[in-house]
$ cat final-v6.cif   # mmCIF, C-alpha atoms
data_target
#
loop_
_atom_site.label_atom_id
_atom_site.label_comp_id
_atom_site.auth_asym_id
_atom_site.auth_seq_id
_atom_site.Cartn_x
_atom_site.Cartn_y
_atom_site.Cartn_z
CA MET K 1 0.00 0.00 0.00
CA PRO K 2 1.28 3.52 -0.71
CA ASP K 3 2.68 5.53 2.18
CA ARG K 4 0.51 8.24 3.69
CA GLU K 5 1.43 11.85 3.10
CA PRO K 6 3.72 13.29 5.82
CA SER K 7 1.72 14.50 8.77
CA SER K 8 1.66 17.92 10.36
CA ALA K 9 4.57 17.00 12.65
CA SER K 10 6.72 16.47 9.57
CA ASP K 11 5.28 19.58 7.90
CA ASP K 12 6.70 21.66 10.75
CA THR K 13 10.18 20.91 9.41
CA ARG K 14 9.34 23.00 6.32
CA SER K 15 9.26 26.19 8.35
CA THR K 16 12.00 28.77 8.04
CA VAL K 17 15.38 27.72 9.39
CA SER K 18 15.97 29.71 12.57
CA ALA K 19 19.32 31.43 13.02
CA PRO K 20 21.31 30.15 16.01
CA PRO K 21 22.28 32.61 18.72
CA PRO K 22 25.88 33.83 18.58
CA ALA K 23 28.36 31.69 20.50
CA SER K 24 30.67 33.23 23.08
CA ASP K 25 34.39 33.51 22.38
CA ASP K 26 35.09 30.95 25.10
CA ASP K 27 32.69 28.44 23.54
CA LEU K 28 34.17 29.01 20.08
CA ALA K 29 37.64 28.35 21.45
CA ALA K 30 36.37 25.23 23.24
CA LEU K 31 34.79 23.96 20.00
CA GLU K 32 38.11 24.42 18.23
CA ARG K 33 39.90 22.48 20.95
CA LEU K 34 37.30 19.70 20.81
CA ARG K 35 37.65 19.35 17.04
CA ASP K 36 41.45 19.12 17.37
CA ALA K 37 41.10 16.62 20.24
CA TYR K 38 38.69 14.52 18.15
CA GLU K 39 41.21 14.25 15.32
CA ALA K 40 43.97 13.40 17.80
CA ILE K 41 41.81 10.74 19.50
CA ARG K 42 40.96 9.14 16.16
CA LYS K 43 44.64 8.98 15.26
CA GLU K 44 45.58 7.48 18.63
CA ILE K 45 42.83 4.84 18.43
CA GLY K 46 43.84 4.16 14.81
CA ARG K 47 47.25 3.02 16.06
CA VAL K 48 45.51 0.06 17.71
CA ILE K 49 42.11 -0.30 16.00
CA VAL K 50 41.94 -0.60 12.21
CA GLY K 51 38.87 1.00 10.61
CA GLN K 52 35.57 1.27 12.54
CA GLN K 53 35.54 5.07 12.14
CA GLU K 54 31.75 5.30 12.35
CA VAL K 55 31.72 3.20 15.53
CA ILE K 56 34.40 5.41 17.10
CA GLU K 57 32.44 8.55 16.26
CA GLN K 58 29.24 7.14 17.75
CA LEU K 59 31.02 6.15 20.97
CA LEU K 60 32.49 9.62 21.34
CA ILE K 61 29.09 11.21 20.66
CA ALA K 62 27.59 9.12 23.45
CA VAL K 63 30.44 10.01 25.82
CA LEU K 64 29.96 13.74 25.15
CA SER K 65 26.20 13.34 25.65
CA ARG K 66 26.56 11.47 28.97
CA GLY K 67 24.94 8.44 27.35
CA HIS K 68 25.53 4.70 27.49
CA CYS K 69 25.97 2.31 24.54
CA VAL K 70 25.32 -1.30 23.58
CA LEU K 71 27.80 -2.70 21.06
CA VAL K 72 26.47 -5.60 19.00
CA GLY K 73 28.84 -7.73 16.96
CA VAL K 74 30.13 -11.25 16.50
CA PRO K 75 33.16 -12.39 18.55
CA GLY K 76 36.60 -11.30 17.42
CA LEU K 77 35.77 -7.80 16.17
CA ALA K 78 37.84 -6.06 18.90
CA LYS K 79 34.88 -4.61 20.79
CA THR K 80 36.66 -4.99 24.14
CA LEU K 81 39.93 -3.63 22.76
CA LEU K 82 38.13 -0.65 21.24
CA VAL K 83 36.53 0.32 24.57
CA SER K 84 39.75 -0.07 26.56
CA THR K 85 41.67 1.92 23.92
CA LEU K 86 39.06 4.70 24.07
CA ALA K 87 39.39 4.84 27.87
CA GLU K 88 43.17 5.09 27.54
CA THR K 89 43.03 7.96 25.04
CA LEU K 90 40.61 9.81 27.33
CA ASP K 91 42.78 9.27 30.43
CA LEU K 92 39.88 7.64 32.30
CA THR K 93 39.73 4.69 34.66
CA PHE K 94 38.50 1.52 32.99
CA LYS K 95 37.02 -1.69 34.39
CA ARG K 96 35.81 -4.74 32.50
CA ILE K 97 33.06 -6.96 33.93
CA GLN K 98 32.69 -10.35 32.27
CA PHE K 99 29.07 -11.30 32.88
CA THR K 100 28.27 -14.92 33.70
CA PRO K 101 25.07 -16.77 34.71
CA ASP K 102 26.20 -17.09 38.35
CA MET K 103 27.05 -13.41 38.85
CA MET K 104 25.27 -11.60 41.70
CA PRO K 105 24.48 -7.87 42.01
CA ALA K 106 27.10 -7.42 44.76
CA ASP K 107 29.77 -8.71 42.35
CA ILE K 108 29.17 -5.52 40.35
CA THR K 109 28.17 -2.86 42.84
CA GLY K 110 30.23 -3.95 45.85
CA THR K 111 29.42 -5.28 49.30
CA GLU K 112 29.85 -4.52 52.98
CA ILE K 113 32.40 -6.51 54.96
CA ILE K 114 33.34 -6.51 58.64
CA GLN K 115 36.71 -4.95 59.46
CA GLU K 116 38.41 -4.46 62.80
CA ASP K 117 39.94 -1.10 63.76
CA LYS K 118 43.56 -1.82 64.74
CA ALA K 119 43.62 0.92 67.39
CA THR K 120 40.26 0.41 69.13
CA ARG K 121 39.65 -3.24 68.20
CA GLU K 122 36.15 -2.15 67.26
CA ARG K 123 34.48 -4.03 64.46
CA MET K 124 32.48 -2.17 61.84
CA PHE K 125 30.99 -2.62 58.41
CA VAL K 126 33.06 -1.16 55.57
CA PHE K 127 31.78 -0.86 52.01
CA MET K 128 34.11 -2.43 49.45
CA LYS K 129 33.47 -0.86 46.07
CA GLY K 130 32.80 -3.13 43.12
CA PRO K 131 34.12 -2.81 39.55
CA ILE K 132 31.30 -0.45 38.60
CA PHE K 133 33.23 2.36 40.33
CA ALA K 134 35.17 3.43 37.23
CA ASN K 135 34.79 6.13 34.59
CA ILE K 136 34.24 3.63 31.77
CA VAL K 137 32.73 0.23 32.56
CA LEU K 138 32.69 -2.48 29.91
CA ALA K 139 29.75 -4.81 30.59
CA ASP K 140 30.92 -7.73 28.46
CA GLU K 141 28.11 -10.00 27.23
CA ILE K 142 25.52 -8.30 29.41
CA ASN K 143 22.85 -10.77 28.25
CA ARG K 144 24.76 -13.66 29.89
CA THR K 145 23.73 -12.71 33.43
CA PRO K 146 20.32 -13.10 35.13
CA PRO K 147 17.80 -10.22 35.22
CA LYS K 148 18.49 -9.43 38.90
CA THR K 149 22.12 -8.62 38.16
CA GLN K 150 21.22 -6.78 34.96
CA ALA K 151 18.78 -4.63 36.94
CA ALA K 152 21.47 -3.69 39.50
CA LEU K 153 23.74 -2.45 36.72
CA LEU K 154 20.97 -0.56 34.93
CA GLU K 155 19.81 1.09 38.15
CA ALA K 156 23.35 2.36 38.75
CA MET K 157 23.44 3.63 35.15
CA GLN K 158 20.24 5.60 35.67
CA GLU K 159 20.87 6.94 39.17
CA ARG K 160 24.69 7.21 38.84
CA ARG K 161 25.05 5.95 42.38
CA VAL K 162 25.01 2.70 44.36
CA THR K 163 23.14 2.25 47.65
CA SER K 164 24.39 -0.22 50.24
CA GLY K 165 23.07 -0.50 53.78
CA GLY K 166 20.97 2.62 53.22
CA THR K 167 24.04 4.72 52.35
CA PRO K 168 24.36 6.13 48.82
CA TYR K 169 27.77 5.99 47.15
CA PRO K 170 28.09 8.26 44.08
CA LEU K 171 29.75 6.82 41.02
CA PRO K 172 32.73 8.67 39.54
CA ASP K 173 32.03 11.46 37.08
CA PRO K 174 32.26 11.08 34.13
CA PHE K 175 30.64 7.64 34.10
CA PHE K 176 29.72 5.50 31.10
CA VAL K 177 28.61 1.92 30.59
CA LEU K 178 29.50 0.32 27.28
CA ALA K 179 27.84 -3.09 27.06
CA THR K 180 28.41 -5.80 24.46
CA GLN K 181 26.11 -8.48 23.08
CA ASN K 182 26.75 -11.41 20.77
CA PRO K 183 23.98 -11.51 18.12
CA ILE K 184 24.57 -15.08 16.94
CA GLU K 185 24.67 -17.14 20.14
CA GLN K 186 21.46 -16.93 22.18
CA GLU K 187 21.52 -20.23 24.11
CA GLY K 188 21.79 -19.63 27.84
CA THR K 189 21.24 -15.90 27.60
CA TYR K 190 18.86 -13.46 29.30
CA PRO K 191 17.93 -10.84 26.67
CA LEU K 192 17.50 -7.35 28.06
CA PRO K 193 13.85 -6.23 28.11
CA GLU K 194 12.97 -3.33 25.82
CA ALA K 195 12.36 -1.03 28.79
CA GLN K 196 15.92 -1.62 29.98
CA LEU K 197 17.44 -1.34 26.50
CA ASP K 198 15.77 2.07 26.26
CA ARG K 199 18.22 3.36 28.89
CA PHE K 200 21.07 3.00 26.40
CA MET K 201 21.49 6.00 24.14
CA PHE K 202 22.86 4.03 21.17
CA MET K 203 22.88 0.48 19.93
CA VAL K 204 26.05 0.40 17.85
CA LYS K 205 26.59 -2.30 15.24
CA VAL K 206 30.20 -3.44 14.89
CA GLY K 207 30.56 -4.99 11.46
CA TYR K 208 33.20 -7.07 9.69
CA PRO K 209 36.27 -5.22 8.37
CA SER K 210 36.93 -4.83 4.66
CA ALA K 211 39.55 -7.02 2.98
CA GLU K 212 42.17 -4.25 3.19
CA GLU K 213 41.36 -3.57 6.85
CA GLU K 214 41.49 -7.26 7.73
CA LEU K 215 44.91 -7.56 6.07
CA ALA K 216 46.13 -4.59 8.14
CA ILE K 217 44.69 -6.20 11.31
CA VAL K 218 46.46 -9.50 10.65
CA ARG K 219 49.74 -7.72 9.88
CA ALA K 220 49.52 -5.57 13.05
CA THR K 221 48.47 -8.32 15.46
CA THR K 222 50.94 -10.99 14.36
CA GLY K 223 54.03 -8.84 14.83
CA ASP K 224 55.97 -7.78 17.91
CA VAL K 225 55.06 -4.08 17.93
CA GLN K 226 53.10 -2.68 20.89
CA HIS K 227 51.78 0.87 20.93
CA ARG K 228 51.75 3.15 23.95
CA LEU K 229 48.93 5.63 23.64
CA THR K 230 48.96 9.27 24.68
CA PRO K 231 45.87 10.56 26.55
CA ARG K 232 44.21 13.40 24.66
CA LEU K 233 41.49 14.46 27.13
CA THR K 234 41.31 14.34 30.90
CA GLY K 235 38.20 13.65 32.95
CA SER K 236 37.81 17.30 33.98
CA GLN K 237 38.19 18.46 30.37
CA LEU K 238 35.56 15.94 29.32
CA LEU K 239 33.12 17.25 31.94
CA ASP K 240 33.58 20.78 30.60
CA LEU K 241 32.96 19.55 27.04
CA GLN K 242 29.76 17.79 28.13
CA GLY K 243 28.51 21.17 29.33
CA LEU K 244 29.61 22.72 26.03
CA VAL K 245 27.55 20.17 24.08
CA ARG K 246 24.44 21.21 26.02
CA ARG K 247 25.05 24.81 24.97
CA VAL K 248 25.29 24.00 21.25
CA PRO K 249 22.10 25.47 19.76
CA ALA K 250 19.59 23.45 17.74
CA GLY K 251 16.90 25.31 15.82
CA ASP K 252 13.22 24.47 16.01
CA HIS K 253 13.43 22.80 12.60
CA VAL K 254 16.06 20.39 14.01
CA LEU K 255 13.91 19.58 17.06
CA ASN K 256 10.83 19.10 14.86
CA TYR K 257 12.75 16.78 12.54
CA ALA K 258 13.87 14.57 15.44
CA LEU K 259 10.34 14.62 16.82
CA ALA K 260 8.85 13.68 13.44
CA LEU K 261 11.19 10.68 13.11
CA SER K 262 10.42 9.47 16.63
CA ARG K 263 6.64 9.89 16.43
CA ALA K 264 6.47 8.24 13.02
CA THR K 265 7.74 4.96 14.54
CA ARG K 266 4.59 4.53 16.68
CA PRO K 267 2.02 2.39 14.85
CA ASP K 268 -0.95 3.82 16.77
CA SER K 269 0.04 7.41 15.99
CA THR K 270 -1.71 9.43 13.30
CA GLU K 271 1.73 10.44 12.03
CA ALA K 272 2.81 6.83 11.36
CA PRO K 273 3.13 5.83 7.68
CA GLU K 274 1.42 2.71 6.41
CA PHE K 275 4.55 0.51 6.49
CA VAL K 276 5.04 1.32 10.18
CA ARG K 277 1.46 0.29 10.95
CA GLU K 278 2.06 -2.95 9.06
CA PHE K 279 5.48 -3.94 10.41
CA VAL K 280 5.97 -2.37 13.88
CA SER K 281 4.66 -3.62 17.23
CA TRP K 282 6.04 -0.80 19.39
CA GLY K 283 7.69 2.44 18.46
CA ALA K 284 10.23 4.73 20.10
CA GLY K 285 9.41 6.76 23.21
CA PRO K 286 10.38 10.33 24.11
CA ARG K 287 13.96 9.28 24.97
CA ALA K 288 14.55 8.72 21.26
CA SER K 289 13.81 12.37 20.44
CA GLN K 290 15.95 13.56 23.35
CA HIS K 291 18.89 11.40 22.33
CA MET K 292 18.65 12.36 18.66
CA VAL K 293 18.85 16.06 19.55
CA LEU K 294 21.65 15.56 22.10
CA GLY K 295 23.55 13.32 19.70
CA ALA K 296 23.16 15.88 16.92
CA LYS K 297 24.60 18.58 19.19
CA ALA K 298 27.53 16.35 20.16
CA ARG K 299 28.24 15.44 16.53
CA ALA K 300 28.20 19.10 15.52
CA ALA K 301 30.60 19.93 18.37
CA LEU K 302 32.97 17.09 17.42
CA HIS K 303 33.30 18.59 13.96
CA GLY K 304 33.77 22.12 15.29
CA ARG K 305 30.39 23.47 14.16
CA THR K 306 28.47 26.03 16.20
CA CYS K 307 24.97 24.59 15.76
CA ALA K 308 23.30 21.22 15.20
CA THR K 309 21.63 20.46 11.87
CA THR K 310 19.10 17.99 10.52
CA ASP K 311 22.04 16.21 8.84
CA ASP K 312 23.44 15.54 12.30
CA VAL K 313 20.08 14.09 13.41
CA ALA K 314 19.90 11.86 10.34
CA ALA K 315 23.47 10.63 10.90
CA ILE K 316 22.71 9.25 14.38
CA ALA K 317 19.04 8.28 13.92
CA ARG K 318 19.78 4.59 13.20
CA PRO K 319 21.72 3.77 16.42
CA VAL K 320 19.09 5.70 18.40
CA LEU K 321 16.07 3.92 16.85
CA ARG K 322 17.63 0.49 16.31
CA HIS K 323 16.71 -0.92 19.75
CA ARG K 324 13.60 1.19 20.27
CA VAL K 325 11.59 0.13 17.20
CA ILE K 326 10.22 -3.39 17.71
CA PRO K 327 9.29 -5.17 14.45
CA ASN K 328 6.28 -7.48 14.56
CA PHE K 329 5.81 -10.99 13.16
CA ASN K 330 4.98 -9.70 9.68
CA ALA K 331 8.29 -7.84 9.55
CA GLU K 332 10.27 -10.87 10.74
CA ALA K 333 8.56 -13.06 8.15
CA GLU K 334 9.60 -10.66 5.38
CA GLY K 335 13.10 -10.05 6.73
CA ILE K 336 12.42 -6.42 7.64
CA SER K 337 14.57 -5.17 10.53
CA SER K 338 14.38 -2.05 12.66
CA ASP K 339 17.27 -0.66 10.58
CA THR K 340 15.19 -1.09 7.43
CA ILE K 341 12.28 0.76 9.03
CA ALA K 342 14.55 3.58 10.21
CA GLU K 343 16.03 3.86 6.71
CA ARG K 344 12.58 4.18 5.13
CA LEU K 345 11.57 6.81 7.67
CA LEU K 346 14.70 8.84 6.89
CA GLU K 347 13.85 8.66 3.17
CA ARG K 348 10.27 9.91 3.60
CA THR K 349 10.59 12.50 6.37
CA PRO K 350 11.21 15.94 4.81
CA ARG K 351 13.92 18.21 6.14
CA LEU K 352 15.16 21.64 5.22
CA PRO K 353 18.57 22.20 3.64
CA GLU K 354 20.83 24.06 6.05
CA LYS K 355 22.29 27.46 5.33
#
$ encode --input "final-v6.cif" --output "structure tokens"
Amino acid sequence: MPDREPSSASDDTRSTVSAPPPASDDDLAALERLRDAYEAIRKEIGRVIVGQQEVIEQLLIAVLSRGHCVLVGVPGLAKTLLVSTLAETLDLTFKRIQFTPDMMPADITGTEIIQEDKATRERMFVFMKGPIFANIVLADEINRTPPKTQAALLEAMQERRVTSGGTPYPLPDPFFVLATQNPIEQEGTYPLPEAQLDRFMFMVKVGYPSAEEELAIVRATTGDVQHRLTPRLTGSQLLDLQGLVRRVPAGDHVLNYALALSRATRPDSTEAPEFVREFVSWGAGPRASQHMVLGAKARAALHGRTCATTDDVAAIARPVLRHRVIPNFNAEAEGISSDTIAERLLERTPRLPEK
């Protein structure tokens, strides 16, 4: 059946492009430093990781937006190495948690133990922090652990603190969780519910390298050369840049474009096209619109631009919508994925050319 005409929410994107407010000299200088740091970070990571430029950009966008990511890819694509290399170039503490079916929440968050004071001989409970107390936490194969342990991690992601014995313990700032999932081996796994997946800003697909990239990987990993990386951003600098990203302006036409994409994924919405009604069970919630706008601001800042554009929204729409659009049985029968639906929405949703 033919697609419906774009609804009024999409029509809003045809309005006049609003001029962004002038940026301060300090912000312009910070944008310049961020662009230079981005190029330096890419070069540093490129000394260890071959290719995967789009994945690296999406991870950095999430970091600048204070978001978390799920990386999906088959084993052997250097997902763990990529995350640890990113942490090293950002001069941040890094912890890896290998999830297993017998893991308990305390194995992640920490636990209270009894210790004796050497001077007074008094015994007291002392909280021993778990591996989640790091700037970047790699949750390796997060779908391998039971829901109770998954929930403990996701609660810490949302609240950015851990509570033990009624006492809250704040997590370090900045704080990011980068989780991995294996898409081909599902036996003995506990898939994350959609409501919990929604807490991740991006679902990033890590694909196979090209033939040239794979040759470079084999050449680099079978020799005796080891690279020592130079940190390009400190934690305090990163916190300042996160504030800068929030100050990057986005015109109403950019907000309306993100809103139109998000609302068009909901099959019970009047703005949904016919193919969404036919192939989607559940669409994206308000977090999708928020993350598309934040991600667009971060992408603009990474490239040294003073305002976000609809091109920035379109560039990060797929990783935002990928885990928030749930295809139904009809879609699965015809081989239509959430990526396919997002691609069709990007093709039909009008947007203004930027000045």
$ residues_around --input "final-v6.cif" --residues "stretch 255-263 of chain K" --least-positions-apart "2" --cutoff "8 Å" --atoms "all atoms listed in the file" --output "list in words"
Ala9, Ser10, Asp12, Thr13, Ala250, Gly251, Asp252, His253, Thr265, Arg266, Ser269, Glu271, Ala272, Gly283, Ala284, Gly285, Pro286, Ala288, Ser289, Met292, Val293, Thr310, Val313, Leu321, Leu345, Leu346, Thr349, Pro350 and Arg351 of chain K
$ atom_distance --input "final-v6.cif" --atom1 "atom CA of K:Pro191" --atom2 "atom CA of K:Pro319"
18.2 Å
$ atom_distance --input "final-v6.cif" --atom1 "atom CA of K:Asp198" --atom2 "atom CA of K:Val320"
9.3 Å
$ residues_around --input "final-v6.cif" --residues "K:Gln226" --least-positions-apart "4" --cutoff "12 Å" --atoms "all atoms listed in the file" --output "PyMOL selection string"
chain K and resi 47-48+220-222
$ closest_atom_pairs --input "final-v6.cif" --of "stretch 170-211 of chain K" --to "stretch 62-85 of chain K" --cutoff "6 Å" --atoms "all atoms listed in the file" --output "CSV"
residue,atom,partner,partner_atom,distance
K:Phe176,CA,K:His68,CA,5.6
K:Val177,CA,K:His68,CA,5.2
K:Leu178,CA,K:Cys69,CA,4.9
K:Ala179,CA,K:Val70,CA,4.7
K:Thr180,CA,K:Leu71,CA,4.6
K:Gln181,CA,K:Val72,CA,5.0
K:Asn182,CA,K:Val74,CA,5.4
K:Phe200,CA,K:His68,CA,4.9
K:Met201,CA,K:Gly67,CA,5.3
K:Phe202,CA,K:Cys69,CA,4.9
K:Met203,CA,K:Val70,CA,4.7
K:Val204,CA,K:Leu71,CA,4.8
K:Lys205,CA,K:Val72,CA,5.0
K:Val206,CA,K:Gly73,CA,5.0
$ write_last_selection --input "final-v6.cif" --atoms "C-alpha atoms" --output "compact mmCIF listing (two decimals), keeping the file's coordinate frame"
# COMPACT_ATOMS: atom_id res chain seq x y z
CA PHE K 176 29.72 5.50 31.10
CA VAL K 177 28.61 1.92 30.59
CA LEU K 178 29.50 0.32 27.28
CA ALA K 179 27.84 -3.09 27.06
CA THR K 180 28.41 -5.80 24.46
CA GLN K 181 26.11 -8.48 23.08
CA ASN K 182 26.75 -11.41 20.77
CA PHE K 200 21.07 3.00 26.40
CA MET K 201 21.49 6.00 24.14
CA PHE K 202 22.86 4.03 21.17
CA MET K 203 22.88 0.48 19.93
CA VAL K 204 26.05 0.40 17.85
CA LYS K 205 26.59 -2.30 15.24
CA VAL K 206 30.20 -3.44 14.89
$ resolve_selection --input "final-v6.cif" --expression "the PyMOL selection byres ((chain K and resi 98) around 9)" --output "list in words"
Arg96, Ile97, Phe99, Thr100, Leu138, Ala139, Asp140, Glu141, Ile142 and Arg144 of chain K
$ residues_near_point --input "final-v6.cif" --point "(35.4, 22.1, 22.4)" --cutoff "12 Å" --atoms "only C-alpha atoms" --output "PyMOL selection string"
chain K and resi 25-38+64+233+237-248+297-306
$ write_last_selection --input "final-v6.cif" --atoms "C-alpha atoms" --output "JSON list (two decimals), keeping the file's coordinate frame"
[["chain", "number", "residue", "atom", "x", "y", "z"],
["K", 25, "ASP", "CA", 34.39, 33.51, 22.38],
["K", 26, "ASP", "CA", 35.09, 30.95, 25.10],
["K", 27, "ASP", "CA", 32.69, 28.44, 23.54],
["K", 28, "LEU", "CA", 34.17, 29.01, 20.08],
["K", 29, "ALA", "CA", 37.64, 28.35, 21.45],
["K", 30, "ALA", "CA", 36.37, 25.23, 23.24],
["K", 31, "LEU", "CA", 34.79, 23.96, 20.00],
["K", 32, "GLU", "CA", 38.11, 24.42, 18.23],
["K", 33, "ARG", "CA", 39.90, 22.48, 20.95],
["K", 34, "LEU", "CA", 37.30, 19.70, 20.81],
["K", 35, "ARG", "CA", 37.65, 19.35, 17.04],
["K", 36, "ASP", "CA", 41.45, 19.12, 17.37],
["K", 37, "ALA", "CA", 41.10, 16.62, 20.24],
["K", 38, "TYR", "CA", 38.69, 14.52, 18.15],
["K", 64, "LEU", "CA", 29.96, 13.74, 25.15],
["K", 233, "LEU", "CA", 41.49, 14.46, 27.13],
["K", 237, "GLN", "CA", 38.19, 18.46, 30.37],
["K", 238, "LEU", "CA", 35.56, 15.94, 29.32],
["K", 239, "LEU", "CA", 33.12, 17.25, 31.94],
["K", 240, "ASP", "CA", 33.58, 20.78, 30.60],
["K", 241, "LEU", "CA", 32.96, 19.55, 27.04],
["K", 242, "GLN", "CA", 29.76, 17.79, 28.13],
["K", 243, "GLY", "CA", 28.51, 21.17, 29.33],
["K", 244, "LEU", "CA", 29.61, 22.72, 26.03],
["K", 245, "VAL", "CA", 27.55, 20.17, 24.08],
["K", 246, "ARG", "CA", 24.44, 21.21, 26.02],
["K", 247, "ARG", "CA", 25.05, 24.81, 24.97],
["K", 248, "VAL", "CA", 25.29, 24.00, 21.25],
["K", 297, "LYS", "CA", 24.60, 18.58, 19.19],
["K", 298, "ALA", "CA", 27.53, 16.35, 20.16],
["K", 299, "ARG", "CA", 28.24, 15.44, 16.53],
["K", 300, "ALA", "CA", 28.20, 19.10, 15.52],
["K", 301, "ALA", "CA", 30.60, 19.93, 18.37],
["K", 302, "LEU", "CA", 32.97, 17.09, 17.42],
["K", 303, "HIS", "CA", 33.30, 18.59, 13.96],
["K", 304, "GLY", "CA", 33.77, 22.12, 15.29],
["K", 305, "ARG", "CA", 30.39, 23.47, 14.16],
["K", 306, "THR", "CA", 28.47, 26.03, 16.20]]
$ closest_residue --input "final-v6.cif" --among "K:Met104, K:Phe94, K:Arg123, K:Asp224" --to "K:Pro172" --atoms "only C-alpha atoms"
K:Phe94
$ atom_distance --input "final-v6.cif" --atom1 "atom CA of K:Trp282" --atom2 "atom CA of K:Thr340"
15.1 Å
$ closest_residue --input "final-v6.cif" --among "K:Glu116, K:Pro249, K:Tyr190, K:Ala211" --to "K:Cys307" --atoms "all atoms listed in the file"
K:Pro249
$ resolve_selection --input "final-v6.cif" --expression "the PyMOL selection byres ((chain K and resi 209) around 9)" --output "ChimeraX atom specification"
/K:50-52,77,207-208,210-214,217
$ axis_aligned_box --input "final-v6.cif" --around "stretch 252-259 of chain K" --padding-each-side "6 Å" --output "JSON"
{"center_x": 13.2, "center_y": 19.5, "center_z": 14.8, "size_x": 17.7, "size_y": 21.9, "size_z": 16.5}
$ resolve_selection --input "final-v6.cif" --expression "the PyMOL selection byres ((chain K and resi 329-332) around 12)" --output "ChimeraX atom specification"
/K:275-282,325-328,333-341
$ closest_residue --input "final-v6.cif" --among "K:Gly46, K:Pro146, K:Gly130, K:Pro273" --to "K:Pro193" --atoms "all atoms listed in the file"
K:Pro146
$ closest_residue --input "final-v6.cif" --among "K:Thr149, K:Thr189, K:Thr89, K:Thr163" --to "K:Glu112" --atoms "only C-alpha atoms"
K:Thr163
$ closest_residue --input "final-v6.cif" --among "K:Ala119, K:Ser164, K:Pro174, K:Phe133" --to "K:Ser236" --atoms "all atoms listed in the file"
K:Pro174
$ closest_residue --input "final-v6.cif" --among "K:Ala317, K:Val55, K:Leu92, K:Met128" --to "K:Ile113" --atoms "all atoms listed in the file"
K:Met128
$ build_atoms --input "final-v6.cif" --residues "stretch 100-115 of chain K" --atoms "N, CA and C atoms" --output "PDB file, in the frame of the given file"
ATOM      1  N   THR K 100      28.472 -13.476  33.721  1.00  0.00           N
ATOM      2  CA  THR K 100      28.270 -14.920  33.700  1.00  0.00           C
ATOM      3  C   THR K 100      26.929 -15.243  34.368  1.00  0.00           C
ATOM      4  N   PRO K 101      26.377 -16.435  34.125  1.00  0.00           N
ATOM      5  CA  PRO K 101      25.070 -16.770  34.710  1.00  0.00           C
ATOM      6  C   PRO K 101      25.049 -16.808  36.235  1.00  0.00           C
ATOM      7  N   ASP K 102      26.191 -16.995  36.893  1.00  0.00           N
ATOM      8  CA  ASP K 102      26.200 -17.090  38.350  1.00  0.00           C
ATOM      9  C   ASP K 102      26.573 -15.774  39.031  1.00  0.00           C
ATOM     10  N   MET K 103      26.651 -14.697  38.272  1.00  0.00           N
ATOM     11  CA  MET K 103      27.050 -13.410  38.850  1.00  0.00           C
ATOM     12  C   MET K 103      25.901 -12.811  39.662  1.00  0.00           C
ATOM     13  N   MET K 104      26.243 -12.238  40.819  1.00  0.00           N
ATOM     14  CA  MET K 104      25.270 -11.600  41.700  1.00  0.00           C
ATOM     15  C   MET K 104      25.431 -10.085  41.654  1.00  0.00           C
ATOM     16  N   PRO K 105      24.379  -9.332  42.040  1.00  0.00           N
ATOM     17  CA  PRO K 105      24.480  -7.870  42.010  1.00  0.00           C
ATOM     18  C   PRO K 105      25.670  -7.324  42.791  1.00  0.00           C
ATOM     19  N   ALA K 106      25.974  -7.915  43.952  1.00  0.00           N
ATOM     20  CA  ALA K 106      27.100  -7.420  44.760  1.00  0.00           C
ATOM     21  C   ALA K 106      28.437  -7.587  44.059  1.00  0.00           C
ATOM     22  N   ASP K 107      28.526  -8.543  43.103  1.00  0.00           N
ATOM     23  CA  ASP K 107      29.770  -8.710  42.350  1.00  0.00           C
ATOM     24  C   ASP K 107      30.052  -7.497  41.467  1.00  0.00           C
ATOM     25  N   ILE K 108      29.024  -6.710  41.190  1.00  0.00           N
ATOM     26  CA  ILE K 108      29.170  -5.520  40.350  1.00  0.00           C
ATOM     27  C   ILE K 108      29.253  -4.258  41.192  1.00  0.00           C
ATOM     28  N   THR K 109      28.285  -4.113  42.098  1.00  0.00           N
ATOM     29  CA  THR K 109      28.170  -2.860  42.840  1.00  0.00           C
ATOM     30  C   THR K 109      29.105  -2.783  44.037  1.00  0.00           C
ATOM     31  N   GLY K 110      29.422  -3.927  44.639  1.00  0.00           N
ATOM     32  CA  GLY K 110      30.230  -3.950  45.850  1.00  0.00           C
ATOM     33  C   GLY K 110      29.425  -4.502  47.019  1.00  0.00           C
ATOM     34  N   THR K 111      30.090  -4.693  48.136  1.00  0.00           N
ATOM     35  CA  THR K 111      29.420  -5.280  49.300  1.00  0.00           C
ATOM     36  C   THR K 111      30.046  -4.764  50.589  1.00  0.00           C
ATOM     37  N   GLU K 112      29.334  -4.923  51.679  1.00  0.00           N
ATOM     38  CA  GLU K 112      29.850  -4.520  52.980  1.00  0.00           C
ATOM     39  C   GLU K 112      30.522  -5.709  53.660  1.00  0.00           C
ATOM     40  N   ILE K 113      31.688  -5.466  54.229  1.00  0.00           N
ATOM     41  CA  ILE K 113      32.400  -6.510  54.960  1.00  0.00           C
ATOM     42  C   ILE K 113      32.738  -5.983  56.358  1.00  0.00           C
ATOM     43  N   ILE K 114      32.980  -6.896  57.270  1.00  0.00           N
ATOM     44  CA  ILE K 114      33.340  -6.510  58.640  1.00  0.00           C
ATOM     45  C   ILE K 114      34.854  -6.352  58.730  1.00  0.00           C
ATOM     46  N   GLN K 115      35.279  -5.192  59.241  1.00  0.00           N
ATOM     47  CA  GLN K 115      36.710  -4.950  59.460  1.00  0.00           C
ATOM     48  C   GLN K 115      36.913  -4.496  60.911  1.00  0.00           C
TER      49      GLN K 115
END
